[in-house]
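Comments concern the structure below.
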Amino acid sequence: MIDGPLKMLPGGTYWYATSYVCTGEIRHTQLKGSLDNPYASAIWMKKTCNRNASGYCINEVDKGTNFFTSFNPSLNDVVALWLVGVYSVGGSEYIGIVHEELVGHSSPGSGKTRIGLAWSNDSGNTWKYLGRIISQLEDPIGNIQGAPYMIKDGYMYVYFHDEKSGAGVAVARANLGNVISSARAGHVGTNLWKKYFQGIWSEPGMGGRSDSLGIQGISHSQIVWSNLTKRYYFATSRMSWNQQNTFVKLYESVDGVNWKFSKTIVEEPASQQGLDGGYQYCTVVSDNASANHIANGSFYVYCAKFKTSATNICSSQRNSQALHRWKITVQ
C-alpha cells in the first residue's frame, strides 16, 4: 500500500517509494522509471531497519539489508521512519527529510511523532538517521505529518502540522550550510532549527510554539520552485474522511511564510469515494527532472488515489490504489 510521496533522485531516472505491508513493517523501494512511468521497474526493496529484541532500530552490520543502516548514538527509541524528501547536496551526498512515528512505541494511532534528518554519502543506497529537528508543542499523541522542504536565501524550510499551536501547517527553518556540515559530522547540530512564531524565527524546533500558515489539507507532500514566476508551489490533499470532499489544492508563496491559494487541481464529492477514500501523498517534481524541486514554467503533481477502502487494513479493497498525475503550467 502506497504510504508516502515518491522521491525523485537527481536526473529523473531513479525514485524512492514507501509502502506499508500487513506485517506492520514499512518497505522502501528504489524504482527505475521515467516521469511518465516512475514504477517501470523495481531495483530493490528494503525493510526500514535492523531491530533489537524490543523492536527498536539499531545499526546494521551488513549495510545492504535495510534502508536506514545506522543511527546517531543518542537515538535509542526509533520505531517507524518514512523518507519524505531528498535534497541533493552534490555528487553522492544527499540529505533526507524524515517523518517519524511511534517514538518509544508510543500509541495509539501514530503516537509521538517527529521530523528528523538522514544522511547518505552513497547516492541514497544506505542512510544514517541523524536525529530529530521538529516536534509539536506539548508533544501530543498525534500526527505531525510533513515534511515538504524548500530552500530560500541560504535556509532550509521544513513544513509540518502542529496541533497545539493553531492546528494547521507550520514551518521551521535552519541555515543550510550548518545543516550540511552537521550532517557530514553525523548529527543534526545544536539548536539549528527555529519555528516561525509571531513574525520571527524565535521558537525551538523541538517543542516550540508556531504560527498556522493558513494552508488547508494534508502536508504529506512536497514543494517546487519556479524560476519563471519566482514563486514556490505547495500541493496539499484531503481524503474523504467525515464525508468531506476529497481534493488536491495548490498554494503559492514568494517567501515561504505567506501562502495564498493558487488553484484546485481536482475535487471530488465524498459520495463517490469508498470508506476513507480519496487523494493523499502528493509528489511535486519539475518537468525537466532537475534536482531539488527546481522548475521553470511547468511541473508535475502526482498523488495516490485510494479508490476504495475498508476497515481491515490488510483487505484487498484497502489496497486498491492508483497514481494520478497532472501537469501544472504557471505564468
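Residues in the C-alpha cells are named by chain (A, B, ... in the order shown) and by number from 1 within that chain; ligands are numbered from 1 in the order shown.
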Expected answer as a count of residues only: strand (DSSP E) residues in range 79-235 of chain A: 73
Running DSSP on the backbone, which parts of range 76-247 of chain A land in alpha helix (DSSP H), as a count of residues only? 9
Using only C-alpha atoms, which residues sit within 10 Å of range 264-281 of chain A once same-chain residues fewer than 6 positions away are excluded, as an NGL selection string? :A and (2-6 or 84 or 217-222 or 235-251 or 301-311 or 317-318 or 320-324 or 326-328)
Please produce a file of the residues just selected, as a compact mmCIF listing (two decimals), in the first residue's frame, where the atoms kept are N, CA and C atoms.
# COMPACT_ATOMS: atom_id res chain seq x y z
N ILE A 2 0.65 2.17 -0.95
CA ILE A 2 1.41 3.41 -1.02
C ILE A 2 1.26 4.15 0.31
N ASP A 3 2.38 4.62 0.86
CA ASP A 3 2.34 5.22 2.19
C ASP A 3 3.27 6.42 2.30
N GLY A 4 3.32 7.23 1.25
CA GLY A 4 4.13 8.43 1.28
C GLY A 4 4.38 8.93 -0.13
N PRO A 5 4.82 10.19 -0.27
CA PRO A 5 5.15 10.71 -1.59
C PRO A 5 6.31 9.95 -2.22
N LEU A 6 6.34 9.93 -3.56
CA LEU A 6 7.52 9.46 -4.26
C LEU A 6 8.65 10.47 -4.07
N VAL A 84 10.59 11.34 3.32
CA VAL A 84 9.58 12.14 2.62
C VAL A 84 10.20 13.00 1.53
N GLY A 217 -5.32 21.18 4.25
CA GLY A 217 -5.00 19.88 3.68
C GLY A 217 -3.88 19.15 4.38
N ILE A 218 -3.63 17.94 3.90
CA ILE A 218 -2.62 17.06 4.44
C ILE A 218 -1.25 17.50 3.93
N SER A 219 -0.27 17.57 4.81
CA SER A 219 1.05 18.06 4.43
C SER A 219 2.05 16.95 4.15
N HIS A 220 1.59 15.70 3.95
CA HIS A 220 2.46 14.64 3.42
C HIS A 220 2.65 14.94 1.94
N SER A 221 3.54 15.85 1.62
CA SER A 221 3.59 16.39 0.27
C SER A 221 4.97 16.97 -0.02
N GLN A 222 5.05 17.78 -1.10
CA GLN A 222 6.31 18.40 -1.49
C GLN A 222 6.07 19.78 -2.07
N ALA A 235 1.68 21.60 -2.90
CA ALA A 235 0.47 20.80 -3.15
C ALA A 235 0.01 20.14 -1.86
N THR A 236 -1.28 20.25 -1.54
CA THR A 236 -1.86 19.56 -0.38
C THR A 236 -3.04 18.73 -0.84
N SER A 237 -3.48 17.83 0.01
CA SER A 237 -4.59 16.95 -0.35
C SER A 237 -5.52 16.77 0.84
N ARG A 238 -6.68 16.19 0.57
CA ARG A 238 -7.59 15.77 1.64
C ARG A 238 -8.34 14.54 1.18
N MET A 239 -8.48 13.59 2.07
CA MET A 239 -9.26 12.40 1.78
C MET A 239 -10.71 12.62 2.20
N SER A 240 -11.55 11.65 1.94
CA SER A 240 -12.99 11.83 2.18
C SER A 240 -13.39 11.44 3.60
N TRP A 241 -12.51 11.70 4.56
CA TRP A 241 -12.82 11.44 5.96
C TRP A 241 -13.99 12.31 6.40
N ASN A 242 -14.86 11.77 7.25
CA ASN A 242 -16.01 12.52 7.79
C ASN A 242 -16.88 13.12 6.69
N GLN A 243 -17.00 12.38 5.58
CA GLN A 243 -17.87 12.78 4.46
C GLN A 243 -17.48 14.14 3.87
N GLN A 244 -16.19 14.44 3.85
CA GLN A 244 -15.71 15.65 3.19
C GLN A 244 -15.33 15.32 1.74
N ASN A 245 -15.41 16.32 0.88
CA ASN A 245 -14.91 16.14 -0.47
C ASN A 245 -13.41 15.87 -0.42
N THR A 246 -12.94 15.03 -1.31
CA THR A 246 -11.50 14.81 -1.44
C THR A 246 -10.95 15.79 -2.47
N PHE A 247 -9.73 16.31 -2.22
CA PHE A 247 -9.19 17.29 -3.15
C PHE A 247 -7.67 17.24 -3.19
N VAL A 248 -7.13 17.89 -4.23
CA VAL A 248 -5.72 18.27 -4.29
C VAL A 248 -5.70 19.75 -4.61
N LYS A 249 -5.08 20.56 -3.75
CA LYS A 249 -5.02 22.00 -3.92
C LYS A 249 -3.58 22.46 -4.05
N LEU A 250 -3.41 23.61 -4.66
CA LEU A 250 -2.09 24.19 -4.84
C LEU A 250 -2.05 25.57 -4.20
N TYR A 251 -1.00 25.80 -3.41
CA TYR A 251 -0.75 27.10 -2.78
C TYR A 251 0.56 27.66 -3.33
N VAL A 301 2.45 17.19 -10.67
CA VAL A 301 1.95 16.79 -9.36
C VAL A 301 1.40 15.38 -9.49
N TYR A 302 1.96 14.45 -8.71
CA TYR A 302 1.47 13.08 -8.65
C TYR A 302 0.82 12.88 -7.28
N CYS A 303 -0.33 12.23 -7.23
CA CYS A 303 -0.95 11.90 -5.94
C CYS A 303 -1.51 10.49 -5.99
N ALA A 304 -1.41 9.80 -4.87
CA ALA A 304 -2.04 8.49 -4.75
C ALA A 304 -3.54 8.68 -4.58
N LYS A 305 -4.32 7.87 -5.28
CA LYS A 305 -5.78 7.90 -5.14
C LYS A 305 -6.21 6.57 -4.53
N PHE A 306 -6.75 6.65 -3.32
CA PHE A 306 -7.30 5.48 -2.65
C PHE A 306 -8.70 5.28 -3.22
N LYS A 307 -8.84 4.32 -4.13
CA LYS A 307 -10.11 4.14 -4.84
C LYS A 307 -11.23 3.71 -3.90
N THR A 308 -10.97 2.68 -3.17
CA THR A 308 -11.91 2.18 -2.18
C THR A 308 -11.13 1.89 -0.91
N SER A 309 -11.84 1.57 0.14
CA SER A 309 -11.15 1.31 1.39
C SER A 309 -11.98 0.37 2.23
N ALA A 310 -11.46 -0.01 3.36
CA ALA A 310 -12.15 -0.93 4.25
C ALA A 310 -11.56 -0.81 5.63
N THR A 311 -12.30 -1.27 6.63
CA THR A 311 -11.83 -1.19 8.00
C THR A 311 -10.56 -2.02 8.19
N GLN A 317 -9.51 -4.55 -0.74
CA GLN A 317 -10.13 -3.26 -1.01
C GLN A 317 -9.28 -2.12 -0.47
N ARG A 318 -8.74 -2.30 0.70
CA ARG A 318 -7.93 -1.25 1.31
C ARG A 318 -6.72 -0.93 0.45
N SER A 320 -6.57 -0.99 -2.85
CA SER A 320 -6.93 -0.60 -4.20
C SER A 320 -6.58 0.86 -4.41
N GLN A 321 -5.47 1.10 -5.11
CA GLN A 321 -4.94 2.46 -5.26
C GLN A 321 -4.45 2.68 -6.68
N ALA A 322 -4.29 3.95 -7.03
CA ALA A 322 -3.71 4.31 -8.31
C ALA A 322 -2.93 5.60 -8.14
N LEU A 323 -1.98 5.85 -9.04
CA LEU A 323 -1.21 7.08 -9.01
C LEU A 323 -1.71 7.99 -10.13
N HIS A 324 -2.17 9.19 -9.76
CA HIS A 324 -2.67 10.17 -10.72
C HIS A 324 -1.63 11.27 -10.91
N TRP A 326 -0.89 15.27 -12.82
CA TRP A 326 -1.34 16.47 -13.53
C TRP A 326 -0.13 17.31 -13.88
N LYS A 327 -0.13 17.91 -15.06
CA LYS A 327 0.91 18.86 -15.42
C LYS A 327 0.39 20.26 -15.16
N ILE A 328 1.13 21.02 -14.36
CA ILE A 328 0.75 22.36 -13.95
C ILE A 328 1.63 23.37 -14.69
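Reported to one decimal place, the separation of CA of Gly91 in chain A from CA of Asn121 in chain A is 8.5 Å.
Every protein, DNA or RNA residue with an atom at most 8 Å from Asp139 in chain A, where only C-alpha atoms count and chain neighbours fewer than 2 positions away do not, is listed here: Lys112, Thr113, Ser135, Gln136, Leu137, Ile141 and Gly207 of chain A.
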Write out as an MDAnalysis selection string the residues lying within 12 Å of Cys49 in chain A, counting only C-alpha atoms and excluding same-chain residues fewer than 2 positions away. chainID A and resid 25:28 46:47 51:52 55:71 78:82 126:129
Generate the output file for the selected residues, N, CA, C and O atoms, as a compact mmCIF listing (two decimals), in the first residue's frame.
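Everything below was put into out_32.txt:
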# COMPACT_ATOMS: atom_id res chain seq x y z
N GLU A 25 5.30 -3.68 8.93
CA GLU A 25 6.60 -3.11 8.57
C GLU A 25 6.44 -2.14 7.40
O GLU A 25 5.52 -2.26 6.58
N ILE A 26 7.33 -1.18 7.33
CA ILE A 26 7.39 -0.23 6.23
C ILE A 26 8.44 -0.73 5.26
O ILE A 26 9.52 -1.15 5.67
N ARG A 27 8.14 -0.67 3.96
CA ARG A 27 9.09 -1.07 2.94
C ARG A 27 9.52 0.14 2.12
O ARG A 27 8.70 1.01 1.81
N HIS A 28 10.80 0.17 1.77
CA HIS A 28 11.37 1.26 0.97
C HIS A 28 11.92 0.64 -0.31
O HIS A 28 12.77 -0.25 -0.26
N LYS A 46 13.71 -2.75 0.56
CA LYS A 46 14.36 -2.97 1.85
C LYS A 46 13.41 -2.68 2.99
O LYS A 46 12.53 -1.82 2.88
N LYS A 47 13.62 -3.37 4.11
CA LYS A 47 12.93 -3.03 5.34
C LYS A 47 13.50 -1.73 5.90
O LYS A 47 14.56 -1.27 5.49
N ARG A 51 16.46 -4.41 13.84
CA ARG A 51 15.77 -4.17 15.11
C ARG A 51 16.32 -5.06 16.22
O ARG A 51 16.71 -6.21 15.99
N ASN A 52 16.33 -4.50 17.44
CA ASN A 52 16.71 -5.32 18.60
C ASN A 52 15.50 -6.07 19.12
O ASN A 52 14.40 -6.00 18.53
N GLY A 55 12.28 -4.21 19.45
CA GLY A 55 11.69 -3.63 18.25
C GLY A 55 12.21 -2.26 17.87
O GLY A 55 11.66 -1.62 16.96
N TYR A 56 13.28 -1.81 18.54
CA TYR A 56 13.86 -0.51 18.20
C TYR A 56 14.94 -0.65 17.12
O TYR A 56 15.65 -1.66 17.08
N CYS A 57 15.07 0.37 16.29
CA CYS A 57 16.06 0.37 15.22
C CYS A 57 17.47 0.48 15.79
O CYS A 57 17.73 1.33 16.66
N ILE A 58 18.37 -0.34 15.28
CA ILE A 58 19.77 -0.32 15.69
C ILE A 58 20.66 -0.41 14.45
O ILE A 58 20.19 -0.71 13.35
N ASN A 59 21.95 -0.16 14.62
CA ASN A 59 22.87 -0.20 13.50
C ASN A 59 22.90 -1.57 12.84
O ASN A 59 22.77 -2.61 13.50
N GLU A 60 23.10 -1.55 11.53
CA GLU A 60 23.18 -2.78 10.75
C GLU A 60 24.64 -3.06 10.42
O GLU A 60 25.41 -2.14 10.11
N VAL A 61 25.02 -4.32 10.45
CA VAL A 61 26.41 -4.70 10.18
C VAL A 61 26.67 -4.81 8.68
O VAL A 61 27.66 -4.31 8.16
N ASP A 62 25.73 -5.43 7.95
CA ASP A 62 25.98 -5.74 6.54
C ASP A 62 25.83 -4.55 5.61
O ASP A 62 26.38 -4.53 4.51
N LYS A 63 25.08 -3.55 6.00
CA LYS A 63 24.84 -2.35 5.20
C LYS A 63 24.26 -2.68 3.82
O LYS A 63 24.64 -2.11 2.81
N GLY A 64 23.32 -3.62 3.77
CA GLY A 64 22.71 -3.94 2.49
C GLY A 64 21.30 -4.46 2.61
O GLY A 64 20.58 -4.55 1.61
N THR A 65 20.89 -4.79 3.82
CA THR A 65 19.59 -5.41 4.02
C THR A 65 18.49 -4.40 4.28
O THR A 65 17.36 -4.55 3.81
N ASN A 66 18.82 -3.32 4.99
CA ASN A 66 17.82 -2.35 5.43
C ASN A 66 18.09 -0.97 4.82
O ASN A 66 19.18 -0.69 4.33
N PHE A 67 17.06 -0.11 4.90
CA PHE A 67 17.14 1.22 4.28
C PHE A 67 17.93 2.17 5.17
O PHE A 67 18.85 2.83 4.72
N PHE A 68 17.55 2.25 6.44
CA PHE A 68 18.31 3.03 7.42
C PHE A 68 19.29 2.07 8.09
O PHE A 68 18.90 1.18 8.83
N THR A 69 20.57 2.28 7.82
CA THR A 69 21.57 1.29 8.24
C THR A 69 22.33 1.69 9.51
O THR A 69 22.98 0.85 10.12
N SER A 70 22.27 2.97 9.88
CA SER A 70 22.94 3.40 11.12
C SER A 70 22.19 4.56 11.74
O SER A 70 21.40 5.25 11.07
N PHE A 71 22.46 4.78 13.03
CA PHE A 71 21.70 5.74 13.81
C PHE A 71 22.64 6.51 14.73
O PHE A 71 23.60 5.94 15.28
N VAL A 78 13.80 4.59 18.33
CA VAL A 78 13.27 4.76 16.98
C VAL A 78 12.51 3.51 16.56
O VAL A 78 13.02 2.39 16.68
N VAL A 79 11.29 3.70 16.03
CA VAL A 79 10.44 2.58 15.63
C VAL A 79 10.07 2.64 14.15
O VAL A 79 10.24 1.67 13.42
N ALA A 80 9.54 3.79 13.70
CA ALA A 80 8.95 3.86 12.36
C ALA A 80 9.40 5.13 11.65
O ALA A 80 9.18 6.24 12.14
N LEU A 81 10.02 4.96 10.47
CA LEU A 81 10.58 6.08 9.72
C LEU A 81 10.12 6.04 8.27
O LEU A 81 10.11 4.98 7.64
N TRP A 82 9.77 7.22 7.75
CA TRP A 82 9.43 7.40 6.34
C TRP A 82 10.34 8.48 5.76
O TRP A 82 10.41 9.58 6.32
N THR A 126 22.30 3.68 1.13
CA THR A 126 22.14 3.48 2.57
C THR A 126 22.02 4.85 3.24
O THR A 126 22.52 5.86 2.74
N TRP A 127 21.37 4.87 4.41
CA TRP A 127 21.09 6.12 5.11
C TRP A 127 21.41 6.00 6.59
O TRP A 127 21.17 4.95 7.21
N LYS A 128 21.92 7.10 7.15
CA LYS A 128 22.08 7.21 8.60
C LYS A 128 21.03 8.18 9.11
O LYS A 128 20.88 9.29 8.59
N TYR A 129 20.28 7.75 10.13
CA TYR A 129 19.31 8.65 10.76
C TYR A 129 20.07 9.51 11.78
O TYR A 129 20.61 9.01 12.76
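Shortest separation to Ile134 in chain A among A:Lys152, A:His99, A:His105, A:Lys263 occurs at residue A:His99, atoms counted being only C-alpha atoms.
Residue nearest Gly109 in chain A within the list A:Leu35, A:Val285, A:Val86, A:Ile144: A:Ile144 [criterion: smallest interatomic distance, only C-alpha atoms].
One finds CA of Pro10 in chain A at 22.3 Å from CA of Asn178 in chain A.
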If you count only C-alpha atoms, the residue of A:Asn72, A:Ser34, A:Ser212, A:Asn50 closest to Tyr14 in chain A turns out to be A:Ser34
Would you pick out the contacts of Ser181 in chain A at 12 Å or less, using only C-alpha atoms, so that residues sharing its chain but fewer than 5 positions from it are not included, and give the list as a tab-separated table (two decimals) with all heavy atoms, in the first residue's frame?
chain	number	residue	atom	x	y	z
A	89	VAL	N	22.92	17.41	-2.12
A	89	VAL	CA	24.00	18.34	-1.77
A	89	VAL	C	24.96	18.48	-2.94
A	89	VAL	O	25.51	19.55	-3.19
A	89	VAL	CB	24.74	17.84	-0.51
A	89	VAL	CG1	25.91	18.74	-0.17
A	89	VAL	CG2	23.77	17.75	0.66
A	93	GLU	N	26.19	12.84	-2.24
A	93	GLU	CA	25.72	13.22	-0.91
A	93	GLU	C	24.28	13.73	-0.96
A	93	GLU	O	23.95	14.66	-1.70
A	93	GLU	CB	26.62	14.31	-0.33
A	93	GLU	CG	28.03	13.85	-0.05
A	93	GLU	CD	28.88	14.95	0.56
A	93	GLU	OE1	28.77	16.12	0.13
A	93	GLU	OE2	29.66	14.64	1.49
A	95	ILE	N	20.77	14.74	1.66
A	95	ILE	CA	20.09	14.89	2.94
A	95	ILE	C	18.66	14.40	2.78
A	95	ILE	O	17.99	14.76	1.79
A	95	ILE	CB	20.10	16.35	3.42
A	95	ILE	CG1	21.51	16.76	3.83
A	95	ILE	CG2	19.14	16.56	4.60
A	95	ILE	CD1	21.64	18.21	4.21
A	119	TRP	N	21.15	11.08	6.36
A	119	TRP	CA	22.30	11.42	5.51
A	119	TRP	C	22.75	10.20	4.73
A	119	TRP	O	22.79	9.08	5.26
A	119	TRP	CB	23.46	11.90	6.39
A	119	TRP	CG	24.74	12.17	5.65
A	119	TRP	CD1	25.86	11.38	5.64
A	119	TRP	CD2	25.04	13.31	4.83
A	119	TRP	NE1	26.84	11.97	4.88
A	119	TRP	CE2	26.37	13.15	4.36
A	119	TRP	CE3	24.32	14.45	4.46
A	119	TRP	CZ2	26.98	14.08	3.53
A	119	TRP	CZ3	24.93	15.38	3.63
A	119	TRP	CH2	26.24	15.19	3.17
A	175	ASN	N	19.86	27.25	8.90
A	175	ASN	CA	20.86	27.62	7.92
A	175	ASN	C	21.32	26.37	7.18
A	175	ASN	O	21.77	25.39	7.79
A	175	ASN	CB	22.04	28.29	8.61
A	175	ASN	CG	23.14	28.68	7.64
A	175	ASN	OD1	23.98	27.86	7.30
A	175	ASN	ND2	23.12	29.93	7.21
A	176	LEU	N	21.21	26.39	5.84
A	176	LEU	CA	21.51	25.20	5.05
A	176	LEU	C	22.96	24.77	5.20
A	176	LEU	O	23.26	23.57	5.30
A	176	LEU	CB	21.17	25.45	3.59
A	176	LEU	CG	21.45	24.31	2.61
A	176	LEU	CD1	20.64	23.07	2.98
A	176	LEU	CD2	21.13	24.74	1.18
A	186	GLY	N	27.64	13.67	11.19
A	186	GLY	CA	26.86	12.57	11.74
A	186	GLY	C	25.77	12.95	12.72
A	186	GLY	O	25.28	12.09	13.45
A	187	HIS	N	25.35	14.24	12.73
A	187	HIS	CA	24.30	14.66	13.67
A	187	HIS	C	23.51	15.82	13.08
A	187	HIS	O	23.75	16.22	11.93
A	187	HIS	CB	24.92	15.04	15.02
A	187	HIS	CG	26.00	16.09	14.92
A	187	HIS	ND1	25.73	17.44	14.80
A	187	HIS	CD2	27.36	15.97	14.90
A	187	HIS	CE1	26.85	18.12	14.72
A	187	HIS	NE2	27.87	17.26	14.78
A	188	VAL	N	22.56	16.36	13.83
A	188	VAL	CA	21.71	17.45	13.33
A	188	VAL	C	22.11	18.81	13.90
A	188	VAL	O	21.41	19.80	13.68
A	188	VAL	CB	20.21	17.19	13.65
A	188	VAL	CG1	19.72	15.96	12.91
A	188	VAL	CG2	19.98	17.05	15.16
A	189	GLY	N	23.23	18.88	14.59
A	189	GLY	CA	23.65	20.15	15.17
A	189	GLY	C	22.92	20.44	16.46
A	189	GLY	O	22.14	19.63	16.97
A	190	THR	N	23.15	21.63	17.01
A	190	THR	CA	22.53	22.03	18.27
A	190	THR	C	21.73	23.30	18.06
A	190	THR	O	22.27	24.34	17.66
A	190	THR	CB	23.61	22.28	19.34
A	190	THR	OG1	24.40	21.09	19.50
A	190	THR	CG2	22.97	22.64	20.68
A	192	LEU	N	19.76	24.36	15.81
A	192	LEU	CA	19.79	24.98	14.48
A	192	LEU	C	18.39	25.37	14.00
A	192	LEU	O	18.24	26.37	13.30
A	192	LEU	CB	20.42	24.03	13.45
A	192	LEU	CG	21.87	23.62	13.65
A	192	LEU	CD1	22.34	22.79	12.44
A	192	LEU	CD2	22.76	24.84	13.82
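Near Gly11 in chain A, within a cut-off of 10 Å and counting only C-alpha atoms, sit the residues A:Met8, A:Leu9, A:Thr13, A:Tyr14, A:Trp15, A:Ser34, A:Asn288, A:Ala289, A:Ser290, A:Ala291, with same-chain residues fewer than 2 positions away left out.
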How far is it from CA of Ser298 in chain A to CA of Tyr159 in chain A, in Å with one decimal? 22.6 Å
